[in-house]
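To start, the structure under review is shown below, and the notes come after it.
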Amino acid sequence: TLSGVKSYMEGLSVDEKIRFKATAGIPVPGLQVKIVTAEGAEAAMNGEDMGEILVRGPWIAGEYYRDPETSGRVFKDGWFHTGDIGTMNGEGYISLVDRVKDMIKSAGEWISSIDLENTIMEHPKVLEAAVIGIPHEKWLERPCACVVPRPGQEIAKEEIIDFLAGKVAKWWLPEEVVFLKEIPKTSVGKFSKKELRKIVYPMLNVKDFGY
């Protein structure tokens, strides 16, 4: 994709132009891109409906070298399943939301762990926050917020929930809030959700260790 404004958008205000330029952009000529929802339907181009980004074109790979198992899972019906979750607006601009493996599927709907994390970290008492899914008998998965308070600060679960109320959909509100001294990270400094699950699941007595 390439990010920029179309020629007929030059008359837009600076803020409106930034809104388009801040996206991942529009597909380059020669490529086909579509966004598929959790139910397998093609997402509406409204900038809101989320789904996995699928790509196909003459220079897109068709398989992984000597890895038929992964190839069969990732390359389907001529489409490369990127593993990225995104939205597409009416102008064709794509915005990245999350990775499929980190999305939380609750009652048939996707919840973006990244959006929740970013919103929680706006709280003045929060240093870091990572969100993972925990198994739920009724809803399949529910979000669990893992929060590191700022030094010298104390914060309760209710403060996090109250802070999020009105900023995210009601069904996005975390089922659990766990407070940690630090969040495990990968060698490149990203949150390690895999290691985080190993820490948090036993704390919550979660039996389905899906990490």
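In the structure tokens, chains take the letters A, B, ... in the order shown, each chain's residues start at 1, and ligands count up from 1 in the order shown.
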
Practice item. Might you pull out every residue within 9 Å of range 90-103 of chain A, with only C-alpha atoms counted and same-chain residues fewer than 2 positions away left off, and present them as a VMD selection string? Key: chain A and resid 1 3 20 22 to 27 44 to 47 50 to 53 82 to 88 105 110 to 115 131 to 133 193

Check your understanding: When DSSP works through the backbone of this structure, what residues of range 1-200 of chain A end up as alpha helix (DSSP H), shown as a count of residues only?
Key -> 39

Exercise: range 175-179 of chain A partners within 9 Å, only C-alpha atoms, chain neighbours under 2 positions left out, as a PDB file with N, CA, C and O atoms, in the first residue's frame:
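Below is the file that was written, around_11.pdb:
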ATOM      1  N   ILE A 134      -8.801 -14.266  27.566  1.00  0.00           N
ATOM      2  CA  ILE A 134      -8.897 -15.403  28.478  1.00  0.00           C
ATOM      3  C   ILE A 134     -10.149 -16.196  28.109  1.00  0.00           C
ATOM      4  O   ILE A 134     -11.175 -15.622  27.754  1.00  0.00           O
ATOM      5  N   ARG A 142     -12.755 -13.430  26.607  1.00  0.00           N
ATOM      6  CA  ARG A 142     -12.995 -12.096  27.137  1.00  0.00           C
ATOM      7  C   ARG A 142     -11.640 -11.420  27.357  1.00  0.00           C
ATOM      8  O   ARG A 142     -10.623 -12.090  27.598  1.00  0.00           O
ATOM      9  N   PRO A 143     -11.593 -10.086  27.294  1.00  0.00           N
ATOM     10  CA  PRO A 143     -10.317  -9.397  27.476  1.00  0.00           C
ATOM     11  C   PRO A 143      -9.857  -9.366  28.930  1.00  0.00           C
ATOM     12  O   PRO A 143     -10.673  -9.213  29.846  1.00  0.00           O
ATOM     13  N   CYS A 144      -8.561  -9.497  29.100  1.00  0.00           N
ATOM     14  CA  CYS A 144      -7.927  -9.328  30.406  1.00  0.00           C
ATOM     15  C   CYS A 144      -6.857  -8.257  30.264  1.00  0.00           C
ATOM     16  O   CYS A 144      -5.947  -8.390  29.427  1.00  0.00           O
ATOM     17  N   ALA A 145      -6.963  -7.201  31.038  1.00  0.00           N
ATOM     18  CA  ALA A 145      -5.988  -6.113  30.994  1.00  0.00           C
ATOM     19  C   ALA A 145      -4.874  -6.366  31.999  1.00  0.00           C
ATOM     20  O   ALA A 145      -5.139  -6.593  33.177  1.00  0.00           O
ATOM     21  N   CYS A 146      -3.644  -6.353  31.513  1.00  0.00           N
ATOM     22  CA  CYS A 146      -2.469  -6.527  32.364  1.00  0.00           C
ATOM     23  C   CYS A 146      -1.796  -5.163  32.485  1.00  0.00           C
ATOM     24  O   CYS A 146      -1.301  -4.622  31.483  1.00  0.00           O
ATOM     25  N   VAL A 147      -1.796  -4.608  33.685  1.00  0.00           N
ATOM     26  CA  VAL A 147      -1.433  -3.206  33.876  1.00  0.00           C
ATOM     27  C   VAL A 147      -0.219  -3.065  34.794  1.00  0.00           C
ATOM     28  O   VAL A 147      -0.139  -3.716  35.833  1.00  0.00           O
ATOM     29  N   VAL A 148       0.693  -2.202  34.388  1.00  0.00           N
ATOM     30  CA  VAL A 148       1.838  -1.832  35.224  1.00  0.00           C
ATOM     31  C   VAL A 148       1.624  -0.388  35.673  1.00  0.00           C
ATOM     32  O   VAL A 148       1.640   0.530  34.840  1.00  0.00           O
ATOM     33  N   PRO A 149       1.385  -0.145  36.970  1.00  0.00           N
ATOM     34  CA  PRO A 149       1.189   1.236  37.445  1.00  0.00           C
ATOM     35  C   PRO A 149       2.489   2.035  37.372  1.00  0.00           C
ATOM     36  O   PRO A 149       3.593   1.476  37.403  1.00  0.00           O
ATOM     37  N   ILE A 155      -3.487   1.842  41.869  1.00  0.00           N
ATOM     38  CA  ILE A 155      -4.676   1.929  41.033  1.00  0.00           C
ATOM     39  C   ILE A 155      -5.488   0.647  41.192  1.00  0.00           C
ATOM     40  O   ILE A 155      -4.938  -0.437  41.354  1.00  0.00           O
ATOM     41  N   ALA A 156      -6.802   0.779  41.178  1.00  0.00           N
ATOM     42  CA  ALA A 156      -7.697  -0.366  41.361  1.00  0.00           C
ATOM     43  C   ALA A 156      -8.344  -0.754  40.032  1.00  0.00           C
ATOM     44  O   ALA A 156      -8.385   0.041  39.081  1.00  0.00           O
ATOM     45  N   LYS A 157      -8.847  -1.963  39.988  1.00  0.00           N
ATOM     46  CA  LYS A 157      -9.528  -2.467  38.792  1.00  0.00           C
ATOM     47  C   LYS A 157     -10.661  -1.539  38.389  1.00  0.00           C
ATOM     48  O   LYS A 157     -10.843  -1.232  37.201  1.00  0.00           O
ATOM     49  N   GLU A 158     -11.431  -1.072  39.381  1.00  0.00           N
ATOM     50  CA  GLU A 158     -12.583  -0.221  39.095  1.00  0.00           C
ATOM     51  C   GLU A 158     -12.169   1.074  38.396  1.00  0.00           C
ATOM     52  O   GLU A 158     -12.923   1.598  37.558  1.00  0.00           O
ATOM     53  N   ILE A 160      -9.713   1.431  36.269  1.00  0.00           N
ATOM     54  CA  ILE A 160      -9.457   1.107  34.865  1.00  0.00           C
ATOM     55  C   ILE A 160     -10.771   0.967  34.108  1.00  0.00           C
ATOM     56  O   ILE A 160     -10.948   1.529  33.018  1.00  0.00           O
ATOM     57  N   ILE A 161     -11.721   0.241  34.684  1.00  0.00           N
ATOM     58  CA  ILE A 161     -13.013   0.025  34.029  1.00  0.00           C
ATOM     59  C   ILE A 161     -13.750   1.348  33.851  1.00  0.00           C
ATOM     60  O   ILE A 161     -14.300   1.634  32.779  1.00  0.00           O
ATOM     61  N   TRP A 172     -16.383  -4.328  25.151  1.00  0.00           N
ATOM     62  CA  TRP A 172     -14.912  -4.349  25.118  1.00  0.00           C
ATOM     63  C   TRP A 172     -14.316  -4.255  26.528  1.00  0.00           C
ATOM     64  O   TRP A 172     -13.129  -4.517  26.713  1.00  0.00           O
ATOM     65  N   LEU A 173     -15.104  -3.860  27.513  1.00  0.00           N
ATOM     66  CA  LEU A 173     -14.567  -3.656  28.857  1.00  0.00           C
ATOM     67  C   LEU A 173     -13.963  -4.958  29.384  1.00  0.00           C
ATOM     68  O   LEU A 173     -14.566  -6.024  29.276  1.00  0.00           O
ATOM     69  N   LYS A 181       4.359  -6.045  37.951  1.00  0.00           N
ATOM     70  CA  LYS A 181       5.511  -5.156  38.090  1.00  0.00           C
ATOM     71  C   LYS A 181       6.106  -4.795  36.732  1.00  0.00           C
ATOM     72  O   LYS A 181       6.667  -3.717  36.551  1.00  0.00           O
ATOM     73  N   GLU A 182       6.007  -5.728  35.785  1.00  0.00           N
ATOM     74  CA  GLU A 182       6.471  -5.475  34.428  1.00  0.00           C
ATOM     75  C   GLU A 182       5.774  -6.429  33.466  1.00  0.00           C
ATOM     76  O   GLU A 182       5.239  -7.466  33.882  1.00  0.00           O
ATOM     77  N   VAL A 200      -0.126 -14.947  33.508  1.00  0.00           N
ATOM     78  CA  VAL A 200      -1.453 -14.523  33.950  1.00  0.00           C
ATOM     79  C   VAL A 200      -2.448 -15.674  34.082  1.00  0.00           C
ATOM     80  O   VAL A 200      -3.245 -15.703  35.025  1.00  0.00           O
ATOM     81  N   MET A 203      -2.441 -17.241  37.423  1.00  0.00           N
ATOM     82  CA  MET A 203      -2.930 -16.294  38.425  1.00  0.00           C
ATOM     83  C   MET A 203      -4.452 -16.299  38.475  1.00  0.00           C
ATOM     84  O   MET A 203      -5.049 -16.132  39.541  1.00  0.00           O
ATOM     85  N   LEU A 204      -5.070 -16.488  37.305  1.00  0.00           N
ATOM     86  CA  LEU A 204      -6.538 -16.464  37.216  1.00  0.00           C
ATOM     87  C   LEU A 204      -7.133 -17.864  37.268  1.00  0.00           C
ATOM     88  O   LEU A 204      -8.342 -18.024  37.098  1.00  0.00           O
TER      89      LEU A 204
END

Practice item. Pick out the closest residue to Asn89 in chain A from this set: A:Arg19, A:Arg66, A:Lys76, A:His123. Count only C-alpha atoms. Key: A:Arg19
